[in-house]
Every structure is written in C-alpha cells, then in structure tokens.
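The structure file run27.cif is reproduced below (mmCIF, C-alpha atoms).
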```
data_query
#
loop_
_atom_site.label_atom_id
_atom_site.label_comp_id
_atom_site.auth_asym_id
_atom_site.auth_seq_id
_atom_site.Cartn_x
_atom_site.Cartn_y
_atom_site.Cartn_z
CA MET Q 1381 111.81 100.89 119.43
CA VAL Q 1382 109.22 100.26 122.11
CA ARG Q 1383 106.77 103.16 122.09
CA ASP Q 1384 104.85 104.63 125.00
CA ILE Q 1385 101.30 103.35 125.33
CA LEU Q 1386 98.66 106.06 125.48
CA LYS Q 1387 96.57 105.60 128.59
CA LEU Q 1388 93.27 106.90 129.82
CA PRO Q 1389 92.33 109.70 130.21
CA ASP Q 1390 94.42 110.66 127.15
CA GLU Q 1391 91.91 112.26 124.79
CA ARG Q 1392 93.83 111.05 121.75
CA LEU Q 1393 92.49 107.55 122.41
CA LYS Q 1394 89.09 108.87 121.33
CA GLN Q 1395 90.39 109.94 117.95
CA VAL Q 1396 89.16 108.15 114.81
CA SER Q 1397 92.08 106.77 112.82
CA THR Q 1398 92.49 107.24 109.11
CA GLU Q 1399 92.78 104.66 106.38
CA VAL Q 1400 96.25 103.52 105.35
CA VAL Q 1401 96.90 104.51 101.74
CA ARG Q 1402 100.64 103.97 101.36
CA PHE Q 1403 101.97 100.45 101.71
CA ASP Q 1404 105.61 101.37 101.94
CA ALA Q 1405 108.70 100.88 104.09
CA ALA Q 1406 107.48 103.50 106.56
CA LEU Q 1407 104.34 101.43 107.15
CA ARG Q 1408 106.36 98.29 107.72
CA PHE Q 1409 108.66 100.13 110.12
CA ALA Q 1410 105.70 101.45 112.11
CA ILE Q 1411 104.15 97.97 112.22
CA ALA Q 1412 107.43 96.57 113.59
CA GLU Q 1413 107.39 99.16 116.36
CA LEU Q 1414 103.75 98.40 117.11
CA GLU Q 1415 104.56 94.71 117.50
CA GLU Q 1416 107.64 95.41 119.58
CA THR Q 1417 105.52 97.53 121.90
CA ARG Q 1418 102.82 94.84 122.18
CA LEU Q 1419 105.39 92.23 123.16
CA ALA Q 1420 107.16 94.50 125.65
CA GLY Q 1421 104.17 94.98 127.93
CA PRO Q 1422 101.87 92.69 129.87
CA ALA Q 1423 100.70 89.69 127.85
CA ALA Q 1424 98.46 91.40 125.34
CA VAL Q 1425 96.82 89.38 122.57
CA GLY Q 1426 96.44 92.49 120.48
CA ILE Q 1427 97.35 96.11 119.97
CA ALA Q 1428 95.98 98.88 117.80
CA ALA Q 1429 98.05 101.63 116.21
CA PRO Q 1430 96.32 104.49 118.10
CA GLN Q 1431 97.53 102.99 121.38
CA ILE Q 1432 101.04 104.16 120.47
CA GLY Q 1433 99.84 107.48 119.11
CA TRP Q 1434 99.80 106.35 115.46
CA PHE Q 1435 96.37 107.20 114.11
CA GLU Q 1436 96.10 104.92 111.11
CA ARG Q 1437 93.94 101.84 110.77
CA VAL Q 1438 96.35 99.06 111.71
CA VAL Q 1439 95.97 96.36 114.36
CA ILE Q 1440 97.94 93.30 115.40
CA VAL Q 1441 96.17 90.31 116.94
CA ASP Q 1442 97.63 86.98 118.00
CA VAL Q 1443 95.58 84.69 120.23
CA SER Q 1444 97.56 81.58 119.28
CA THR Q 1445 99.29 81.68 122.67
CA LYS Q 1446 95.98 80.87 124.40
CA LYS Q 1447 95.52 77.13 124.53
CA GLY Q 1448 92.37 75.63 123.11
CA VAL Q 1449 91.39 78.80 121.27
CA ALA Q 1450 90.51 78.68 117.56
CA ASN Q 1451 92.77 81.14 115.76
CA HIS Q 1452 94.43 82.28 112.55
CA GLY Q 1453 97.86 82.79 114.11
CA HIS Q 1454 99.68 86.08 114.14
CA LEU Q 1455 97.71 88.69 112.21
CA ILE Q 1456 98.76 92.10 111.00
CA LEU Q 1457 95.64 93.78 109.70
CA VAL Q 1458 95.63 97.01 107.73
CA ASN Q 1459 92.33 98.78 107.09
CA PRO Q 1460 90.34 95.98 108.74
CA GLU Q 1461 86.58 95.98 108.45
CA ILE Q 1462 84.03 93.69 110.02
CA GLU Q 1463 81.45 92.83 107.41
CA HIS Q 1464 79.24 90.49 109.37
CA TRP Q 1465 78.46 89.89 113.04
CA GLU Q 1466 76.66 86.93 114.58
CA GLY Q 1467 75.67 85.89 118.08
CA TYR Q 1468 76.80 87.54 121.26
CA ASP Q 1469 78.50 86.60 124.45
CA ILE Q 1470 79.91 88.30 127.48
CA GLY Q 1471 83.60 88.14 128.23
CA ARG Q 1472 86.07 89.86 130.48
CA GLU Q 1473 88.44 92.36 128.91
CA GLY Q 1474 91.28 94.57 129.92
CA CYS Q 1475 93.45 96.92 127.92
CA LEU Q 1476 97.02 98.18 127.78
CA SER Q 1477 95.53 101.67 127.70
CA VAL Q 1478 93.45 101.09 130.84
CA PRO Q 1479 95.82 99.56 133.40
CA ASP Q 1480 94.51 97.73 136.47
CA TYR Q 1481 90.92 97.44 135.35
CA THR Q 1482 88.95 94.64 133.75
CA GLY Q 1483 85.28 94.52 132.93
CA ASN Q 1484 82.66 92.49 131.11
CA VAL Q 1485 81.85 93.38 127.54
CA ILE Q 1486 79.30 91.99 125.07
CA ARG Q 1487 80.81 91.04 121.72
CA ALA Q 1488 79.70 89.14 118.65
CA THR Q 1489 80.76 85.50 118.80
CA ARG Q 1490 81.34 85.10 115.06
CA ILE Q 1491 82.52 87.70 112.58
CA ARG Q 1492 83.53 87.97 108.96
CA LEU Q 1493 86.43 90.31 108.40
CA THR Q 1494 88.24 91.87 105.48
CA ALA Q 1495 91.58 93.67 105.67
CA GLN Q 1496 94.81 94.23 103.84
CA ALA Q 1497 98.22 92.76 104.52
CA PRO Q 1498 101.18 95.10 105.10
CA ASP Q 1499 101.93 94.84 101.36
CA GLY Q 1500 98.36 95.80 100.45
CA ALA Q 1501 97.16 92.33 99.49
CA PRO Q 1502 93.51 91.68 100.31
CA LEU Q 1503 92.72 89.39 103.25
CA SER Q 1504 89.51 87.88 104.54
CA PHE Q 1505 88.74 85.78 107.58
CA GLU Q 1506 85.93 84.11 109.42
CA MET Q 1507 86.54 84.14 113.14
CA GLU Q 1508 84.87 83.07 116.31
CA GLY Q 1509 85.12 83.22 120.06
CA PHE Q 1510 88.16 84.70 121.70
CA GLU Q 1511 89.84 85.69 118.44
CA ALA Q 1512 86.68 87.44 117.22
CA ARG Q 1513 86.51 89.24 120.56
CA ALA Q 1514 90.13 90.39 120.27
CA ILE Q 1515 89.48 91.73 116.77
CA GLN Q 1516 86.41 93.67 117.92
CA HIS Q 1517 88.35 95.09 120.87
CA GLU Q 1518 91.20 96.28 118.64
CA LEU Q 1519 88.99 97.62 115.86
CA ASP Q 1520 87.15 99.70 118.45
CA HIS Q 1521 90.44 101.54 119.07
CA LEU Q 1522 90.50 102.61 115.43
CA ASP Q 1523 87.17 104.34 115.96
CA GLY Q 1524 88.16 105.92 119.25
CA THR Q 1525 86.19 103.50 121.42
CA LEU Q 1526 87.60 101.72 124.46
CA PHE Q 1527 86.21 98.62 126.15
CA VAL Q 1528 85.34 100.77 129.15
CA ASP Q 1529 82.82 102.48 126.86
CA ARG Q 1530 81.09 99.11 126.50
CA VAL Q 1531 81.37 97.57 129.97
CA VAL Q 1532 78.13 96.03 131.20
CA SER Q 1533 77.00 95.47 134.74
CA ARG Q 1534 78.01 92.09 136.00
CA ARG Q 1535 74.79 91.81 137.92
CA THR Q 1536 72.14 92.71 135.42
CA ASP Q 1537 73.40 90.73 132.47
CA LEU Q 1538 73.93 87.63 132.84
CA PHE Q 1539 72.45 84.46 133.89
CA GLN Q 1540 69.32 84.57 131.80
CA ARG Q 1541 71.21 85.65 128.75
CA LYS Q 1542 73.70 82.87 129.18
CA VAL Q 1543 71.07 80.20 129.52
CA TYR Q 1544 69.39 81.53 126.45
CA ALA Q 1545 72.64 81.68 124.52
CA ASN Q 1546 73.49 78.10 125.47
CA LYS Q 1547 70.37 76.92 123.71
CA GLY Q 1548 70.96 79.14 120.69
CA ALA Q 1549 72.72 78.31 117.47
CA ALA Q 1550 75.36 80.99 117.95
CA LYS Q 1551 76.62 79.49 121.17
CA SER Q 1552 76.60 75.90 120.06
CA ALA Q 1553 78.62 76.89 117.02
CA ALA Q 1554 81.43 78.22 119.19
CA LYS Q 1555 84.11 75.73 120.04
CA PRO Q 1556 84.59 74.76 123.67
CA GLY Q 1557 87.12 77.03 125.26
CA ALA Q 1558 86.81 79.59 122.51
CA GLY Q 1559 84.46 81.84 124.45
CA SER Q 1560 85.81 83.94 127.20
CA GLY Q 1561 82.95 82.88 129.39
CA ALA Q 1562 82.59 85.68 131.91
CA MET M 469 85.78 101.22 155.01
CA LEU M 470 82.36 102.80 155.20
CA THR M 471 79.44 100.40 155.46
CA LEU M 472 76.07 102.01 155.11
CA VAL M 473 72.55 100.70 154.82
CA GLY M 474 69.07 102.15 154.85
CA GLU M 475 65.69 102.05 153.22
CA ASP M 476 66.16 102.74 149.51
CA ARG M 477 65.24 106.17 148.19
CA PRO M 478 66.60 108.45 145.48
CA GLY M 479 69.61 110.57 146.41
CA ILE M 480 71.40 108.43 149.00
CA VAL M 481 74.63 108.12 147.03
CA ALA M 482 74.62 111.78 146.05
CA ARG M 483 74.08 113.03 149.60
CA VAL M 484 76.56 110.67 151.26
CA THR M 485 79.33 111.27 148.74
CA ALA M 486 78.75 115.02 148.75
CA ALA M 487 79.21 115.08 152.52
CA LEU M 488 82.42 113.05 152.24
CA THR M 489 83.74 115.23 149.44
CA GLN M 490 83.04 118.42 151.36
CA ALA M 491 84.98 116.93 154.25
CA GLY M 492 87.98 116.49 151.97
CA CYS M 493 87.76 112.72 151.60
CA ASN M 494 88.77 110.70 148.59
CA LEU M 495 86.61 107.79 147.53
CA GLY M 496 88.07 104.57 146.18
CA GLU M 497 86.56 101.26 145.17
CA ALA M 498 82.92 100.77 146.03
CA SER M 499 80.11 98.30 145.89
CA MET M 500 76.67 99.86 146.10
CA ILE M 501 73.47 97.99 145.45
CA ARG M 502 69.83 97.69 146.38
CA LEU M 503 69.20 94.46 148.30
CA GLY M 504 65.59 93.79 149.11
CA GLY M 505 64.18 97.23 149.82
CA SER M 506 67.42 98.48 151.32
CA PHE M 507 70.22 100.36 149.68
CA THR M 508 73.68 99.23 150.74
CA ILE M 509 77.07 100.84 150.36
CA MET M 510 80.55 99.47 150.93
CA LEU M 511 82.99 102.24 150.16
CA MET M 512 86.71 102.85 150.53
CA VAL M 513 87.21 106.32 151.97
CA SER M 514 90.53 108.01 152.60
CA GLY M 515 91.27 111.37 154.16
CA GLU M 516 93.14 113.28 156.81
CA GLY M 517 90.49 113.26 159.51
CA SER M 518 89.92 110.72 162.24
CA THR M 519 87.16 108.14 162.30
CA ALA M 520 85.33 110.38 164.79
CA ASP M 521 85.59 113.31 162.38
CA LEU M 522 84.07 111.21 159.62
CA GLU M 523 81.28 110.06 161.87
CA GLY M 524 80.52 113.71 162.56
CA VAL M 525 80.38 114.42 158.83
CA LEU M 526 78.08 111.51 158.06
CA ALA M 527 75.79 111.65 161.07
CA PRO M 528 73.56 114.53 159.90
CA VAL M 529 73.02 112.92 156.48
CA ALA M 530 72.38 109.52 158.04
CA THR M 531 69.82 110.96 160.43
CA GLU M 532 68.05 112.86 157.70
CA LEU M 533 67.88 109.89 155.30
CA GLY M 534 67.35 107.19 157.89
CA LEU M 535 70.65 105.41 157.25
CA ARG M 536 72.82 103.33 159.55
CA PHE M 537 76.54 103.33 158.99
CA HIS M 538 79.72 101.95 160.34
CA LEU M 539 83.36 102.91 159.83
CA ASP M 540 86.23 100.46 160.07
CA PRO M 541 89.87 101.35 159.77
CA ALA M 542 90.88 99.29 156.74
CA GLY M 543 94.27 98.19 155.60
CA GLY M 544 94.94 97.69 151.95
CA GLY M 545 94.58 100.26 149.26
CA LEU M 546 93.86 100.85 145.62
CA HIS M 547 95.41 98.94 142.72
CA ARG M 548 95.29 95.58 144.40
CA HIS M 549 92.94 93.90 141.96
CA LEU M 550 93.06 90.21 141.40
CA VAL M 551 91.80 89.03 138.04
CA PRO M 552 89.36 86.12 138.31
CA ASN M 553 90.05 83.05 136.22
CA ILE M 554 86.94 81.05 137.11
CA GLN M 555 83.24 81.82 136.85
CA VAL M 556 80.74 79.75 138.81
CA ARG M 557 77.03 79.93 138.08
CA VAL M 558 74.63 78.29 140.45
CA MET M 559 70.91 77.75 140.14
CA GLY M 560 68.51 75.73 142.21
CA ALA M 561 65.10 75.68 143.85
CA ASP M 562 65.51 78.09 146.73
CA ARG M 563 66.20 76.42 150.06
CA ALA M 564 68.50 76.86 153.01
CA GLY M 565 72.10 75.83 152.54
CA ILE M 566 72.82 76.35 148.85
CA VAL M 567 75.51 78.97 149.41
CA ALA M 568 77.18 77.00 152.16
CA ALA M 569 77.12 73.81 150.09
CA VAL M 570 78.61 75.39 146.97
CA THR M 571 81.17 77.63 148.62
CA GLY M 572 82.11 74.84 151.02
CA ALA M 573 82.91 72.54 148.11
CA LEU M 574 84.88 75.30 146.39
CA ALA M 575 86.76 76.25 149.56
CA GLN M 576 87.98 72.66 149.86
CA THR M 577 89.87 73.21 146.62
CA GLY M 578 91.44 76.47 147.77
CA PHE M 579 89.13 78.56 145.59
CA ASN M 580 89.31 82.27 146.43
CA ILE M 581 86.03 84.14 145.93
CA LEU M 582 86.54 87.65 144.61
CA GLU M 583 82.91 88.46 143.99
CA LEU M 584 79.61 86.80 144.76
CA GLU M 585 76.22 88.00 143.65
CA SER M 586 73.00 86.21 144.33
CA ASP M 587 69.34 86.73 143.79
CA VAL M 588 66.09 84.94 144.26
CA ALA M 589 64.10 84.73 141.04
CA GLY M 590 60.86 82.95 140.24
CA ASP M 591 57.87 83.75 142.43
CA ALA M 592 56.81 83.23 146.01
CA GLU M 593 55.49 79.72 145.29
CA GLN M 594 58.52 78.57 143.34
CA PRO M 595 61.52 80.67 144.29
CA VAL M 596 64.73 79.99 142.38
CA TYR M 597 68.10 80.80 143.87
CA ILE M 598 70.62 82.15 141.39
CA MET M 599 74.22 82.89 142.27
CA GLN M 600 77.24 84.00 140.33
CA ILE M 601 80.74 83.75 141.71
CA GLN M 602 83.95 84.98 140.18
CA GLY M 603 87.20 83.97 141.74
CA CYS M 604 90.70 82.65 141.49
CA SER M 605 91.72 79.03 141.51
CA GLU M 606 94.89 77.16 140.76
CA GLN M 607 92.89 74.00 140.10
CA THR M 608 91.78 72.89 136.66
CA VAL M 609 88.17 73.44 135.60
CA GLU M 610 87.77 69.65 135.59
CA ALA M 611 88.96 69.39 139.21
CA LEU M 612 86.54 72.12 140.27
CA ARG M 613 83.66 70.44 138.44
CA GLU M 614 84.51 67.22 140.21
CA ALA M 615 84.53 69.06 143.55
CA VAL M 616 80.95 70.28 143.07
CA SER M 617 79.64 67.22 141.23
CA GLY M 618 77.91 65.88 144.33
CA LEU M 619 75.62 68.90 144.48
CA ARG M 620 73.63 67.95 141.41
CA SER M 621 71.91 65.16 143.31
CA GLN M 622 70.79 67.83 145.79
CA GLY M 623 69.08 69.73 142.98
CA ILE M 624 71.77 72.40 142.69
CA ALA M 625 73.03 73.07 139.17
CA VAL M 626 76.60 74.36 139.24
CA ASP M 627 78.25 75.50 136.03
CA ILE M 628 81.97 76.16 136.19
CA ALA M 629 83.70 77.92 133.32
CA PRO M 630 87.09 79.47 132.77
CA VAL M 631 87.29 83.25 132.52
CA GLU M 632 89.80 84.12 129.87
CA THR M 633 90.50 87.81 130.30
CA LEU M 634 91.41 89.43 127.02
CA ILE M 635 94.10 92.09 127.23
CA GLY M 636 94.33 94.13 124.07
#
```

Represent the supplied structure as structure tokens.
Amino acid sequence: MVRDILKLPDERLKQVSTEVVRFDAALRFAIAELEETRLAGPAAVGIAAPQIGWFERVVIVDVSTKKGVANHGHLILVNPEIEHWEGYDIGREGCLSVPDYTGNVIRATRIRLTAQAPDGAPLSFEMEGFEARAIQHELDHLDGTLFVDRVVSRRTDLFQRKVYANKGAAKSAAKPGAGSGA
Amino acid sequence: MLTLVGEDRPGIVARVTAALTQAGCNLGEASMIRLGGSFTIMLMVSGEGSTADLEGVLAPVATELGLRFHLDPAGGGLHRHLVPNIQVRVMGADRAGIVAAVTGALAQTGFNILELESDVAGDAEQPVYIMQIQGCSEQTVEALREAVSGLRSQGIAVDIAPVETLIG
C-alpha cells in the first residue's frame, strides 16, 4: 500500500529513528510499502523510512535511472552507517517531504558505507558523486535532519570553492557526470 | 511586486516587512541583497488593499530610512518554480559586454535564465567579473558549450555543467 509522505512542518520528521533489530517478515513488508511509496510519487532516487512515519533506520536508494551516474543499483539499506567521508561538492536537492522547493547543499563526494540487507546480512560499499549524495540525503532523515537544514546560499558559496575543488584530488576522482554540479 | 532600494543599513528588512505585516499583507518569494552600498528588495506581496493603500503603508518607513520603492501589479503566484537543469559559470577580466555576450549566445539556443548573480572580484587595478547563471535548456550540454565556444578567444571563460537535482 502506498503510504502518505510526511511533509514539513510535520515535527515527526525531526525524530531520530531507531536501529532495526528484527529481520523478519514485518520488516520485509514495511520495506515493500516504502518502495511502493517511493515509486508512486515524483521521480525520487531515494526514500527513508521516517518519511512514511516509520521510525526505524531503513532507506532505499536507486540512482541507476540517472544516465552516466556511477551506482550500485537498487539498494535497500538497513541500519546504514557512513564510516568515511571525503571531499565536498555542492549540488541541488529536493525532497518528497519538502514539495516545491530545491536548494544547494554541500555533501561529501566519496563515502564508505556499511549497512545490513533486509535479511540481516552485512553490506559495505564505496560510493561517489550523485549516489553518495543520495545516501547522505537519506541517512540525514534517519537522524531527523532535512536538506533544508543544510541549504547554503547560492551566492556566497560557490565559484571560488568550485575552482579550488576542480584542482583538488577529491574532484578529479569523481567521474564526469557523477557530481550534481550546482 | 515591491521593488525597493536604498543605502544599506541595519533594520531595513525588519522595518519594511513589519509595516507590510501590520497592514495585513502576506509576503511570498523574495530576493533581497546588498549590491554595491545599496540594499535591494524584490518582494511578492499580496493583500486586500489597493496599490495606493500599500504606498501609504510604506511611505513613512521609506522616508525615515531613505528608501525608494515601487509597486507593480504582478500576475503569477506562488508554487510556480522551475527547476534549473543547467549551471553556467563565467569569469573574465572585467570589461563592458561580458553579460551581453554570454547571455546573447545562450539566448540563441533558447536558454531560459532563472537566476543570474554576478560580482566583480579582484581589485581596482585588475577587476575580475564573475557570473553564475542557473537556467533551463532543452539543448544538450555539448550544444550549449559549442554555442559559447567563441567567447574564449575574447578572454571569457564559460563553464557549462548540468544540474542534476536530487529528489529523495
């Protein structure tokens, strides 16, 4: 069943979600509903459980539909944790929970991530660019943070930082098209 | 649409918006920024009163703070955002004609500018013009790069990149 998306200014979006401890049929059912809800709305590359009022640490991310973007396909991540961040870039983000608004957000360009699969099996990934951005956006939801909490001024960021980043190792390591480039 | 400009000083936004609020107005999208030594406001205002009523509300504040303002009946409304898909960054030794050259080349392709910010960096001896444009285009990035490629020989560096908006 497609669930309602919580939207600002719903205070529940600021809630910190709890760790998943039971990897059972109920978890798989909830994950199916989360995915159904993601696919029912505007083209979202990810969704986090709290966005449907389910306050456990589960996210779904799939950036494989974006052409030219490095990705690991369709990911269901339970208890995800970012263990390492590297580089930073500015990119434009929007959110199912914040309709009709987009803004620029600074995110790490490369991350190392651990998580569990829906059956509890351990997972680990190294990600970059757009996929890394999507993961950081969704994991923020689990800690009650929205991208609007991180939006930066378009005017004061950007040119100098970008020039600097272009010369830096972090930027050159990102594949063309992988950054979101705003 | 309220357009307002005056010498920058603390409290302009607070005083202007307080006057509008007390008059029962709602405020919508806005762009407010210091340009040179002036503070500028472009602000969507809606309310029951007439333009003359609003002028009466703003006049005392404007006089006190040394502001000039203008009210235009504006069509349109909230929730009409377009999401940009192209970012253009421009940098060059400051001289007349950079904006016209770049935006002229972009306009030829049908590029729609949603937002343009520019600044002059460097110092008085060597001013550098920096401009950032976000907009919508149905052309490919390659086609847009080709459209502005002639500007490099004029000393204008134009970087065109896709904006991939992440919805999550």

message: What are the residues of chain M lining chain Q at 10 Å or less? Count all atoms listed in the file, and put the answer as a PyMOL selection string.
response: chain M and resi 501+546-559+584-587+598-600+602+628-636

Practice prompt. List the residues selected by the PyMOL selection byres ((chain Q and resi 1404-1411) around 8) in the file shown, writing them as a ChimeraX atom specification.
Written response: /Q:1402-1403,1412-1415,1438,1498-1499

Just-selected residues, C-alpha atoms written as a PDB file, in the frame of the given file:
```
ATOM      1  CA  ARG Q1402     100.640 103.970 101.360  1.00  0.00           C
ATOM      2  CA  PHE Q1403     101.970 100.450 101.710  1.00  0.00           C
ATOM      3  CA  ALA Q1412     107.430  96.570 113.590  1.00  0.00           C
ATOM      4  CA  GLU Q1413     107.390  99.160 116.360  1.00  0.00           C
ATOM      5  CA  LEU Q1414     103.750  98.400 117.110  1.00  0.00           C
ATOM      6  CA  GLU Q1415     104.560  94.710 117.500  1.00  0.00           C
ATOM      7  CA  VAL Q1438      96.350  99.060 111.710  1.00  0.00           C
ATOM      8  CA  PRO Q1498     101.180  95.100 105.100  1.00  0.00           C
ATOM      9  CA  ASP Q1499     101.930  94.840 101.360  1.00  0.00           C
TER      10      ASP Q1499
END
```

As a check of understanding: the span from CA of Leu1386 (chain Q) to CA of Trp1434 (chain Q) is 10.1 Å

### Message
For this structure, which residues satisfy the selection - the PyMOL selection byres ((chain Q and resi 1505) around 6) - when it is evaluated on the file as given? I want them as an NGL selection string.
### Response
:Q and (1492-1493 or 1504 or 1506)

Report as AutoDock Vina command-line options the centre and the edge lengths, in Å to one decimal, of the axis-aligned box holding every listed atom of region 1460-1470 of chain Q, padded by 4 Å on each side.
```
--center_x 83.0 --center_y 90.9 --center_z 117.4 --size_x 22.7 --size_y 18.1 --size_z 28.1
```

If the PyMOL selection byres ((chain Q and resi 1450) around 8) were run on this exact file, what residues would it hold? Put them as an MDAnalysis selection string. chainID Q and resid 1444 1448:1449 1451:1452 1508:1511 1555 1558

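Straight-line separation from CA of Val1396 (chain Q) to CA of Val1531 (chain Q): 20.1 Å.
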
Atom pair CA of Ile509 (chain M) + CA of Gly534 (chain M), distance 13.8 Å
